[in-house]
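Structure file start-v5.cif; described as mmCIF, C-alpha atoms.
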data_entry
#
loop_
_atom_site.label_atom_id
_atom_site.label_comp_id
_atom_site.auth_asym_id
_atom_site.auth_seq_id
_atom_site.Cartn_x
_atom_site.Cartn_y
_atom_site.Cartn_z
CA MET A 1 13.60 -45.93 10.02
CA ARG A 2 10.04 -44.79 10.68
CA LYS A 3 8.65 -47.23 8.07
CA ALA A 4 10.69 -50.08 9.50
CA ALA A 5 9.51 -49.21 13.02
CA ALA A 6 5.90 -49.30 11.85
CA GLN A 7 6.45 -52.73 10.29
CA LEU A 8 8.00 -54.03 13.50
CA ALA A 9 5.11 -52.61 15.52
CA HIS A 10 2.68 -54.42 13.24
CA GLN A 11 4.55 -57.69 13.82
CA GLY A 12 4.26 -57.16 17.55
CA GLY A 13 0.55 -56.48 17.23
CA ASP A 14 -0.33 -59.61 15.28
CA LEU A 15 -0.32 -61.69 18.46
CA ALA A 16 -4.08 -61.97 18.78
CA LEU A 17 -5.09 -61.30 22.37
CA GLN A 18 -8.17 -63.13 23.53
CA HIS A 19 -11.38 -61.43 24.65
CA ARG A 20 -11.40 -62.29 28.36
CA PRO A 21 -14.69 -61.32 30.03
CA ILE A 22 -14.81 -59.72 33.46
CA PRO A 23 -18.28 -60.93 34.52
CA PHE A 24 -20.13 -58.66 36.93
CA ALA A 25 -23.53 -60.38 37.01
CA GLY A 26 -23.94 -62.02 40.42
CA ASN A 27 -20.53 -60.86 41.67
CA GLU A 28 -21.15 -57.23 42.62
CA LEU A 29 -20.83 -55.69 46.06
CA ALA A 30 -24.20 -55.11 47.69
CA GLY A 31 -25.13 -51.45 48.00
CA GLN A 32 -22.17 -50.22 45.92
CA HIS A 33 -23.46 -50.67 42.39
CA ASN A 34 -26.62 -49.90 40.42
CA CYS A 35 -28.07 -50.55 36.98
CA PHE A 36 -25.52 -48.24 35.32
CA TRP A 37 -22.34 -48.58 37.44
CA MET A 38 -21.02 -52.16 37.60
CA GLY A 39 -18.70 -53.38 40.33
CA PRO A 40 -16.85 -52.16 42.19
CA VAL A 41 -13.52 -53.57 41.07
CA TYR A 42 -11.12 -53.46 44.03
CA ALA A 43 -8.51 -55.59 45.79
CA GLY A 44 -11.21 -57.89 47.20
CA ALA A 45 -12.84 -58.74 43.87
CA PHE A 46 -12.37 -58.92 40.08
CA ASN A 47 -8.60 -59.47 40.07
CA VAL A 48 -8.34 -59.09 36.29
CA ALA A 49 -6.72 -56.56 33.91
CA TYR A 50 -3.84 -55.73 36.30
CA PRO A 51 -5.75 -53.80 38.96
CA ASP A 52 -3.88 -51.84 41.64
CA GLY A 53 -4.31 -52.75 45.29
CA GLY A 54 -5.11 -49.14 46.20
CA ALA A 55 -7.63 -48.57 43.42
CA VAL A 56 -11.40 -48.89 43.29
CA TYR A 57 -13.35 -48.46 40.09
CA TRP A 58 -16.79 -48.84 38.63
CA GLY A 59 -17.27 -49.68 34.98
CA THR A 60 -20.13 -49.58 32.55
CA VAL A 61 -20.76 -50.41 28.91
CA PHE A 62 -23.46 -48.65 26.93
CA THR A 63 -24.52 -47.52 23.47
CA MET A 64 -25.20 -43.87 22.85
CA PRO A 65 -28.49 -43.32 20.99
CA GLU A 66 -28.43 -42.07 17.40
CA ASP A 67 -29.60 -38.67 18.51
CA PRO A 68 -27.54 -35.65 17.42
CA GLY A 69 -26.73 -33.48 20.41
CA ALA A 70 -27.47 -36.15 23.01
CA TYR A 71 -25.04 -36.48 25.94
CA LEU A 72 -24.72 -38.02 29.39
CA GLU A 73 -24.71 -35.87 32.49
CA ILE A 74 -22.86 -37.32 35.48
CA SER A 75 -23.32 -35.50 38.75
CA GLY A 76 -22.32 -36.06 42.33
CA THR A 77 -20.17 -34.94 45.25
CA PHE A 78 -16.38 -34.97 45.26
CA PRO A 79 -15.40 -38.16 47.12
CA GLN A 80 -13.24 -38.34 50.19
CA THR A 81 -10.47 -40.22 48.41
CA ARG A 82 -6.84 -39.63 47.41
CA TYR A 83 -7.81 -39.39 43.72
CA MET A 84 -10.77 -39.68 41.36
CA SER A 85 -11.22 -39.62 37.58
CA LEU A 86 -13.61 -40.53 34.79
CA HIS A 87 -12.07 -42.34 31.78
CA SER A 88 -13.46 -43.34 28.41
CA TYR A 89 -11.90 -46.27 26.52
CA ASN A 90 -11.41 -47.38 22.97
CA GLY A 91 -14.31 -49.51 21.76
CA VAL A 92 -11.89 -52.01 20.20
CA VAL A 93 -11.92 -54.71 22.89
CA THR A 94 -8.52 -56.13 21.96
CA GLU A 95 -6.89 -52.83 22.86
CA ALA A 96 -8.85 -51.55 25.88
CA ALA A 97 -6.90 -48.34 25.32
CA PRO A 98 -7.79 -45.18 27.26
CA TYR A 99 -9.24 -42.50 25.01
CA HIS A 100 -9.96 -39.47 27.19
CA ARG A 101 -10.41 -38.55 30.82
CA VAL A 102 -11.03 -35.81 33.33
CA MET A 103 -9.39 -35.95 36.78
CA ASP A 104 -10.36 -34.44 40.11
CA GLN A 105 -8.28 -31.23 40.10
CA GLU A 106 -9.47 -30.35 36.58
CA ILE A 107 -13.15 -30.44 37.52
CA VAL A 108 -14.88 -27.09 38.01
CA PRO A 109 -17.43 -27.44 40.85
CA ASP A 110 -21.06 -26.41 40.57
CA ASP A 111 -21.92 -22.78 41.29
CA GLY A 112 -21.57 -22.10 45.01
CA ALA A 113 -19.64 -25.34 45.59
CA GLN A 114 -15.93 -26.03 46.11
CA ASN A 115 -13.54 -28.68 44.83
CA PRO A 116 -11.62 -30.03 47.86
CA PHE A 117 -8.86 -31.39 45.59
CA VAL A 118 -8.16 -27.74 44.72
CA THR A 119 -9.07 -25.86 47.90
CA GLY A 120 -7.63 -28.36 50.38
CA THR A 121 -10.71 -28.29 52.61
CA ARG A 122 -13.93 -30.28 52.78
CA GLU A 123 -16.54 -27.73 53.76
CA GLY A 124 -19.99 -26.81 52.52
CA ALA A 125 -21.25 -27.89 49.10
CA MET A 126 -18.80 -30.00 47.09
CA THR A 127 -20.86 -30.99 44.04
CA PHE A 128 -19.92 -31.22 40.38
CA THR A 129 -21.49 -31.99 37.00
CA LEU A 130 -19.72 -33.67 34.07
CA ARG A 131 -20.77 -34.21 30.47
CA VAL A 132 -19.95 -37.31 28.39
CA VAL A 133 -20.27 -36.68 24.66
CA GLN A 134 -19.78 -38.56 21.43
CA GLY A 135 -16.98 -37.28 19.20
CA GLU A 136 -13.26 -36.70 18.91
CA VAL A 137 -11.36 -34.72 21.51
CA PRO A 138 -11.13 -31.17 20.12
CA GLU A 139 -7.97 -29.09 20.23
CA SER A 140 -9.48 -27.18 23.16
CA PRO A 141 -11.68 -29.63 25.12
CA GLU A 142 -14.70 -28.26 26.91
CA THR A 143 -14.44 -27.96 30.70
CA ASN A 144 -15.87 -30.91 32.67
CA THR A 145 -16.31 -32.94 29.48
CA VAL A 146 -15.23 -36.48 28.61
CA TYR A 147 -15.19 -37.47 24.93
CA LEU A 148 -16.03 -40.98 23.73
CA GLY A 149 -14.53 -40.82 20.25
CA PRO A 150 -16.14 -40.67 16.78
CA ALA A 151 -19.47 -42.50 16.60
CA GLU A 152 -18.37 -44.55 13.58
CA THR A 153 -15.43 -46.05 15.51
CA VAL A 154 -17.16 -46.67 18.84
CA ASP A 155 -19.65 -49.46 19.46
CA ARG A 156 -20.12 -50.66 23.04
CA THR A 157 -18.45 -47.88 25.02
CA PRO A 158 -16.51 -48.67 28.23
CA LEU A 159 -16.48 -45.91 30.84
CA LEU A 160 -14.67 -46.14 34.19
CA ILE A 161 -14.90 -44.10 37.39
CA ARG A 162 -11.74 -44.50 39.48
CA HIS A 163 -11.12 -43.83 43.16
CA TYR A 164 -7.77 -44.37 44.87
CA ILE A 165 -7.50 -44.89 48.63
CA PRO A 166 -11.01 -44.20 49.97
CA GLU A 167 -10.77 -42.40 53.31
CA THR A 168 -14.13 -43.68 54.53
CA GLY A 169 -13.50 -47.26 55.65
CA ASP A 170 -15.71 -49.84 53.99
CA ASP A 171 -17.53 -47.24 51.90
CA LEU A 172 -15.54 -47.46 48.69
CA THR A 173 -17.43 -44.50 47.19
CA GLY A 174 -15.59 -42.14 49.52
CA GLY A 175 -18.73 -41.35 51.50
CA VAL A 176 -20.68 -39.85 48.59
CA GLY A 177 -22.49 -42.79 47.00
CA LEU A 178 -22.60 -43.59 43.31
CA TYR A 179 -22.74 -40.74 40.83
CA ASP A 180 -26.09 -39.93 39.21
CA VAL A 181 -26.40 -40.42 35.45
CA THR A 182 -28.89 -38.58 33.22
CA LEU A 183 -29.32 -38.96 29.47
CA VAL A 184 -30.03 -35.57 27.94
CA ARG A 185 -31.53 -36.02 24.49
CA GLY A 186 -30.93 -33.68 21.59
CA ASP A 187 -34.28 -31.96 22.19
CA GLY A 188 -33.44 -31.35 25.86
CA THR A 189 -35.54 -34.20 27.25
CA ARG A 190 -33.95 -35.67 30.39
CA VAL A 191 -34.04 -39.42 31.10
CA THR A 192 -33.18 -40.46 34.65
CA GLY A 193 -33.18 -43.48 36.97
CA ASP A 194 -33.52 -47.00 35.59
CA ALA A 195 -34.85 -45.58 32.34
CA VAL A 196 -31.32 -44.38 31.57
CA CYS A 197 -30.02 -47.95 31.54
CA ALA A 198 -32.80 -49.06 29.21
CA ALA A 199 -32.21 -46.12 26.87
CA LEU A 200 -28.45 -46.81 26.75
CA ASN A 201 -28.77 -50.60 26.49
CA VAL A 202 -26.80 -51.22 29.69
CA PRO A 203 -27.03 -54.93 30.65
CA ALA A 204 -29.27 -55.61 33.64
CA GLU A 205 -27.78 -56.76 36.94
CA ASP A 206 -28.61 -60.44 36.25
CA ASP A 207 -27.66 -60.34 32.55
CA PRO A 208 -24.64 -62.49 31.52
CA GLU A 209 -23.70 -59.64 29.18
CA ARG A 210 -23.04 -57.44 32.22
CA LYS A 211 -19.28 -57.57 31.75
CA LEU A 212 -16.18 -55.77 30.55
CA ILE A 213 -13.89 -57.39 28.02
CA ALA A 214 -10.19 -57.51 28.91
CA PRO A 215 -7.35 -58.52 26.59
CA ALA A 216 -5.36 -61.63 27.56
CA LEU A 217 -3.26 -64.43 26.07
CA ASP A 218 -4.71 -67.92 25.79
CA GLN A 219 -2.80 -70.53 27.83
CA ASP A 220 -2.25 -72.80 24.82
CA GLN A 221 -1.07 -69.84 22.77
CA PHE A 222 1.30 -68.80 25.56
CA ASP A 223 2.74 -72.30 25.84
CA ALA A 224 3.27 -72.42 22.08
CA LEU A 225 5.13 -69.10 22.14
CA LEU A 226 7.53 -70.47 24.76
CA GLU A 227 8.52 -73.29 22.40
CA LYS A 228 10.65 -70.79 20.48
CA PRO A 229 14.18 -70.97 21.97
CA SER A 230 14.83 -67.20 22.03
CA VAL A 231 11.51 -66.57 23.78
CA ALA A 232 12.04 -69.36 26.30
CA GLU A 233 15.58 -68.22 27.06
CA ASN A 234 14.49 -64.63 27.58
CA TYR A 235 11.45 -65.50 29.68
CA LEU A 236 12.65 -68.53 31.66
CA ASP A 237 16.43 -68.30 31.91
CA THR A 238 17.51 -64.65 31.76
CA ARG A 239 18.39 -62.54 34.77
CA HIS A 240 16.68 -59.22 34.06
CA THR A 241 18.00 -56.29 36.07
CA ALA A 242 16.77 -53.28 34.07
CA TRP A 243 13.28 -51.87 34.49
CA SER A 244 11.26 -51.27 31.31
CA VAL A 245 8.95 -48.31 30.79
CA PHE A 246 5.52 -49.27 29.44
CA TRP A 247 5.73 -47.54 26.05
CA ASP A 248 3.55 -49.49 23.64
CA PRO A 249 1.64 -52.78 24.18
CA ARG A 250 3.15 -54.14 20.98
CA ILE A 251 6.67 -53.78 22.40
CA ASN A 252 5.62 -55.81 25.44
CA LEU A 253 4.05 -58.51 23.27
CA MET A 254 7.15 -58.73 21.09
CA SER A 255 9.02 -60.32 24.01
CA PHE A 256 6.81 -63.39 23.42
CA LYS A 257 7.49 -63.42 19.69
CA SER A 258 11.06 -62.24 19.16
CA PRO A 259 13.18 -60.72 21.94
CA PRO A 260 15.80 -59.51 19.41
CA LEU A 261 13.12 -57.62 17.49
CA GLN A 262 11.80 -56.26 20.78
CA ARG A 263 15.20 -54.72 21.42
CA VAL A 264 15.11 -53.11 17.96
CA MET A 265 11.63 -51.73 18.66
CA LYS A 266 12.88 -50.21 21.91
CA VAL A 267 15.65 -48.43 20.04
CA ALA A 268 13.12 -47.17 17.48
CA ALA A 269 10.92 -45.89 20.30
CA ARG A 270 13.85 -44.18 22.02
CA GLU A 271 14.75 -42.44 18.75
CA GLY A 272 11.21 -41.13 18.35
CA PHE A 273 9.96 -43.48 15.61
CA LEU A 274 7.36 -45.27 17.78
CA PRO A 275 5.06 -42.89 19.69
CA LYS A 276 3.94 -43.75 23.20
CA THR A 277 0.56 -45.51 23.38
CA SER A 278 -1.40 -47.42 25.99
CA GLY A 279 -3.83 -50.28 26.60
CA PHE A 280 -5.10 -52.82 29.15
CA TYR A 281 -7.58 -50.32 30.68
CA ALA A 282 -4.71 -48.10 31.76
CA ASN A 283 -5.21 -44.92 33.76
CA LEU A 284 -3.93 -41.91 31.81
CA ASP A 285 -2.74 -40.32 35.06
CA ASN A 286 -0.50 -43.32 35.76
CA GLN A 287 2.70 -44.37 34.04
CA TYR A 288 4.50 -47.63 34.69
CA VAL A 289 7.85 -49.39 34.71
CA SER A 290 8.10 -53.17 34.99
CA LEU A 291 10.72 -55.79 35.86
CA GLY A 292 10.58 -59.57 35.56
CA LEU A 293 11.96 -61.59 38.48
CA ASN A 294 13.16 -65.21 38.44
CA ASP A 295 13.91 -67.17 41.61
CA LYS A 296 16.57 -69.21 39.79
CA PHE A 297 18.87 -66.37 40.74
CA GLY A 298 17.79 -66.07 44.37
CA GLU A 299 14.71 -66.69 46.48
CA VAL A 300 14.76 -63.11 47.83
CA VAL A 301 14.99 -59.90 45.82
CA VAL A 302 15.96 -56.70 47.65
CA LEU A 303 14.95 -53.29 46.31
CA GLU A 304 16.45 -50.15 47.84
CA ALA A 305 15.64 -46.65 46.61
CA ARG A 306 14.01 -43.37 47.58
CA LEU A 307 10.24 -42.99 47.84
CA PRO A 308 8.66 -39.90 46.23
CA ARG A 309 6.65 -37.56 48.45
CA THR A 310 2.90 -38.24 48.26
CA PRO A 311 -0.12 -36.75 50.06
CA ALA A 312 -2.08 -38.74 52.61
CA THR A 313 -5.48 -37.47 51.44
CA GLY A 314 -7.13 -35.95 48.40
CA ALA A 315 -7.59 -32.62 50.15
CA GLU A 316 -3.91 -32.59 51.12
CA ALA A 317 -3.07 -33.06 47.41
CA ALA A 318 -4.24 -29.48 46.79
CA ASP A 319 -0.78 -28.33 47.92
CA THR A 320 0.81 -29.66 44.74
CA VAL A 321 4.28 -28.21 45.35
CA ALA A 322 4.59 -30.17 48.60
CA PHE A 323 4.46 -33.53 46.79
CA ASP A 324 6.24 -35.32 43.97
CA LEU A 325 3.40 -37.68 42.99
CA ARG A 326 -0.24 -38.11 43.86
CA TYR A 327 0.27 -41.86 44.36
CA TRP A 328 2.99 -44.53 44.15
CA SER A 329 2.68 -48.30 44.26
CA LEU A 330 4.57 -51.51 43.59
CA CYS A 331 2.77 -54.72 42.64
CA SER A 332 3.82 -58.28 41.88
CA ASN A 333 1.86 -59.58 38.91
CA GLU A 334 1.15 -62.72 36.96
CA THR A 335 1.39 -62.81 33.19
CA LEU A 336 -1.00 -61.89 30.35
CA VAL A 337 -2.66 -65.30 30.63
CA THR A 338 -4.33 -64.28 33.90
CA THR A 339 -3.67 -60.49 34.19
CA ARG A 340 -3.85 -60.77 37.98
CA PHE A 341 -1.80 -59.14 40.70
CA SER A 342 -0.39 -61.24 43.55
CA ASP A 343 0.33 -58.43 46.00
CA CYS A 344 0.52 -54.63 46.05
CA ILE A 345 1.94 -52.05 48.42
CA TYR A 346 1.35 -48.33 48.06
CA ASP A 347 3.29 -45.33 49.32
CA SER A 348 1.91 -44.95 52.84
CA GLU A 349 2.42 -48.69 53.46
CA VAL A 350 6.15 -48.46 52.77
CA THR A 351 8.55 -48.05 55.71
CA VAL A 352 11.01 -45.23 55.06
CA ASP A 353 13.82 -43.55 56.95
CA ALA A 354 14.33 -39.82 57.52
CA ASP A 355 15.53 -39.39 53.92
CA ARG A 356 12.58 -41.40 52.56
CA ARG A 357 14.85 -44.30 51.68
CA TYR A 358 13.20 -47.71 51.67
CA THR A 359 14.12 -51.37 51.60
CA ILE A 360 11.55 -53.66 50.03
CA VAL A 361 11.97 -57.45 50.07
CA VAL A 362 10.15 -59.54 47.47
CA SER A 363 9.81 -63.24 48.23
CA LYS A 364 7.29 -66.00 48.56
CA ALA A 365 5.68 -66.35 51.97
CA ALA A 366 7.68 -69.51 52.72
CA SER A 367 10.94 -67.64 52.04
CA ARG A 368 10.10 -64.41 53.85
CA PRO A 369 13.09 -63.38 55.97
CA ALA A 370 12.32 -62.96 59.65
CA ASN A 371 13.62 -59.39 59.50
CA ALA A 372 11.48 -58.43 56.49
CA ARG A 373 9.13 -56.39 58.67
CA SER A 374 8.51 -52.75 59.45
CA GLU A 375 10.13 -52.96 62.90
CA CYS A 376 13.41 -53.64 61.07
CA GLY A 377 12.84 -50.86 58.57
CA VAL A 378 11.83 -53.32 55.83
CA THR A 379 8.65 -53.65 53.78
CA TRP A 380 7.71 -57.07 52.39
CA LEU A 381 5.98 -57.74 49.05
CA ASP A 382 4.60 -61.21 48.37
CA TRP A 383 6.10 -62.77 45.23
CA GLY A 384 2.97 -64.90 44.85
CA ASP A 385 2.90 -68.70 45.09
CA ALA A 386 1.37 -68.96 41.61
CA GLY A 387 4.32 -67.11 40.09
CA ASP A 388 3.32 -66.02 36.61
CA GLY A 389 -0.02 -67.82 36.92
CA ALA A 390 0.73 -69.72 33.73
CA GLY A 391 2.71 -72.68 35.04
CA HIS A 392 5.95 -71.03 36.15
CA PRO A 393 5.84 -70.47 39.93
CA GLY A 394 9.40 -69.13 40.03
CA LEU A 395 8.55 -66.02 38.01
CA THR A 396 6.77 -62.79 38.80
CA ASN A 397 6.56 -59.37 37.19
CA LEU A 398 6.93 -56.17 39.20
CA LEU A 399 4.94 -53.12 38.16
CA MET A 400 5.75 -49.71 39.64
CA ARG A 401 3.13 -46.96 39.24
CA ASN A 402 3.67 -43.21 39.34
CA MET A 403 0.51 -41.10 39.34
CA ALA A 404 0.05 -37.45 38.39
CA PRO A 405 3.54 -36.08 39.08
CA ASN A 406 4.36 -32.55 40.08
CA PRO A 407 5.74 -31.05 36.83
CA ASP A 408 8.90 -30.09 38.73
CA PHE A 409 9.56 -33.69 39.81
CA ALA A 410 11.97 -34.71 37.06
CA HIS A 411 12.35 -38.32 38.25
CA ALA A 412 8.79 -39.51 37.53
CA VAL A 413 8.12 -42.36 35.10
CA GLN A 414 6.19 -39.82 33.02
CA HIS A 415 9.45 -38.03 32.18
CA ILE A 416 11.25 -41.07 30.74
CA PRO A 417 11.86 -40.04 27.12
CA GLY A 418 12.10 -43.58 25.77
CA PRO A 419 12.94 -47.23 26.51
CA GLY A 420 16.44 -47.67 27.90
CA LEU A 421 16.44 -44.33 29.71
CA GLU A 422 14.58 -45.48 32.81
CA ALA A 423 17.49 -45.50 35.29
CA GLN A 424 18.96 -42.30 33.88
CA THR A 425 15.65 -40.48 34.36
CA MET A 426 14.46 -41.89 37.68
CA GLY A 427 17.85 -41.92 39.39
CA ALA A 428 17.63 -42.59 43.13
CA TYR A 429 13.89 -43.33 42.82
CA LEU A 430 14.40 -46.54 40.80
CA PRO A 431 15.79 -49.53 42.73
CA ALA A 432 18.28 -51.98 41.25
CA PRO A 433 17.26 -55.57 42.07
CA VAL A 434 19.64 -57.56 44.24
CA TYR A 435 19.12 -61.35 44.45
CA MET A 436 20.09 -63.25 47.58
CA SER A 437 19.01 -66.13 49.80
CA GLN A 438 16.70 -65.85 52.78
CA ALA A 439 19.63 -66.58 55.09
CA GLU A 440 21.76 -63.86 53.51
CA PHE A 441 19.12 -61.22 54.10
CA GLU A 442 18.47 -62.40 57.64
CA GLY A 443 22.21 -62.01 58.21
CA ARG A 444 21.71 -58.26 57.95
CA GLY A 445 19.98 -58.37 61.33
CA CYS A 446 17.30 -55.99 62.52
#

Could you write out this file's structure as C-alpha cells?
Amino acid sequence: MRKAAAQLAHQGGDLALQHRPIPFAGNELAGQHNCFWMGPVYAGAFNVAYPDGGAVYWGTVFTMPEDPGAYLEISGTFPQTRYMSLHSYNGVVTEAAPYHRVMDQEIVPDDGAQNPFVTGTREGAMTFTLRVVQGEVPESPETNTVYLGPAETVDRTPLLIRHYIPETGDDLTGGVGLYDVTLVRGDGTRVTGDAVCAALNVPAEDDPERKLIAPALDQDQFDALLEKPSVAENYLDTRHTAWSVFWDPRINLMSFKSPPLQRVMKVAAREGFLPKTSGFYANLDNQYVSLGLNDKFGEVVVLEARLPRTPATGAEAADTVAFDLRYWSLCSNETLVTTRFSDCIYDSEVTVDADRRYTIVVSKAASRPANARSECGVTWLDWGDAGDGAGHPGLTNLLMRNMAPNPDFAHAVQHIPGPGLEAQTMGAYLPAPVYMSQAEFEGRGC
C-alpha cells in the first residue's frame, strides 16, 4: 500500500506548476520596505499565493555566502500585532514549501527585555534577536534560530516575516518598524545597512528580479485539464458538501487529473501511507480546510457553526488557556490559475450569539440578501464576481484557517488525523453548506 501511495503521489505531482512571479519592484508601500525586506504583502496589494485578509508579510530572497559559520542576525522589537513569525521556505520554486519557522511565543527576549506575547503586557524593553543559519533543522533546534536547509539543496532562499492583525492603524509593522538585518561572517565581522543586501545578492528596489516566485497553473493547461470528462464533472457539475483538509499539494492537484485517483490518495493518507506536507508559501502555524462552491445549486450558501475563542490582541494571547485558537478566518478564493482571494473575514469580524454561534452567508454582491448583515446576526462573505478567476464565475473555493490552537482544543483543523475525518474532528466548529435562493434566505427575516 505504501508503494502504491507513493506512485499515486508522484502522478499527482507531475502536473507542472508554472513559476508565477510576484513582482515587488515599483509596487512597494512607501516607508514600509527597505533593501532587504520586500513588500509588504497585505490585503491592499500583491493578491497572489492565497494571502489572508488579516495577514501582512514581508519577503526577501538572498544567497548566503560560502563562508562556514556565517549567519544572519535579525533584531527588533516585538510588534503590536495578534501574531508574528519568521519562516524559511524550500528553495525549489515549484513547491514554495515552508521549511522552518520561529513564532512569537517561542522567542526568548533580549536580556532585560520582555516578550509581550508571553507576559501579556507591553511595558519597558521588548527587544529580541534571532539567528538565521544554513543547515538542516537539528533534533534539538537552537533557541531563537531559523534554519534554511542544507546548502547543497538551497539556492535563492525565500524568507518571510508575518504579522497578523496589526493593532497600530496604518502602520503595518505594528509600531516597531522593519527588523534590522546583520550578516555575521565566519570570522565575526559584522556587515550592516545596505552592505548586507549587496553581500547577500538581494535585488535592488528597482531591479526586475526583486520578486518571489509562486506556483500556479497556466490558463491553457487548466483549460486542457477540464477537457477530461471526470475532471469537468467533478469541477463544474458536482455539488460538494464535505470540507477537505489540506494534506498534501499533490492530492489537491489530483482533482485536476483524476478525481477517482484523488479519492484513493485520500484513503491512503487517512491510513497513514501519505504523510502530511505543505506548499504554496503556507504558514506552519496555520492549517486549512477547503470547500468548493457552485452557484448551479443555489445563489446563496449559508454556513452555520460555532466560532472558536480567539484573543483580540497579541498580548491577550499570553493567556493561552482562555482561547481555542490564535486566529480564525474564512476566505473565498479563485483557483490555482490566479491564486487570489476574493474576500476574507476573520474572527473578530464575525457576528456571533451568546454561545458563539454564527451564520455566514456567501453570495455575490448582486445576490446579497437584505438581511445578510450584522444587525440581523448575519455575516456576509463576498463570493467574488470573477468566480474561480479562470473563466467560471459561478465557482469559488472557501478556505478556513485555524492558527496555533490550544493543545486542549480538540476540534482544530490541526487535529484532523486524515482526509475524510474533517467533520468528525471539528464537530460543531465546521459548518455544513446549505444552498438556497436569495429570496429564501430573506424569508428568514431579521

So which residues touch Thr60 in chain A within 6 Å, counting all atoms listed in the file, skipping near sequence neighbours fewer than 4 positions away, as a ChimeraX atom specification?
/A:37-38,158-159

In file coordinates, which residues lie within 12 Å of (1.1, -49.9, 48.4) using all atoms listed in the file, given as a VMD selection string?
chain A and resid 43 52 to 55 164 to 165 307 310 327 to 332 343 to 351 360 379 to 382 399 to 402

Applying 10 Å and all atoms listed in the file, which residues near Pro208 in chain A remain after dropping the ones on its own chain fewer than 4 positions away? List them as a CSV table (one decimal) with C-alpha atoms, keeping the file's coordinate frame.
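Result file is result_25.csv:
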chain,number,residue,atom,x,y,z
A,23,PRO,CA,-18.3,-60.9,34.5
A,24,PHE,CA,-20.1,-58.7,36.9
A,25,ALA,CA,-23.5,-60.4,37.0
A,26,GLY,CA,-23.9,-62.0,40.4
A,203,PRO,CA,-27.0,-54.9,30.6
A,204,ALA,CA,-29.3,-55.6,33.6

Give me the result of the PyMOL selection byres ((chain A and resi 88) around 9) on this file, residue by residue, as an MDAnalysis selection string.
chainID A and resid 86:87 89:90 97:101 132 146:149 157:160

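In this model, the gap between CA of Asp194 in chain A and CA of Gly59 in chain A comes to 16.5 Å.
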
Show me, as a PyMOL selection string, the residues that have an atom within 12 Å of Gln221 in chain A when counting only C-alpha atoms, minus same-chain residues fewer than 4 positions from it.
chain A and resi 15-18+216-217+225-228+256-257+336-337+390

Using the chain letters and residue numbers of this document, give as a PyMOL selection string the residues selected by the PyMOL selection byres ((chain A and resi 27) around 12).
chain A and resi 22-26+28-30+32-33+38-41+44-46+205-208+210-211

Report the distance between CA of Asp248 in chain A and CA of Gly418 in chain A in Å, rounded to one decimal place.
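CA of Gly418 in chain A lies 10.6 Å from CA of Asp248 in chain A.
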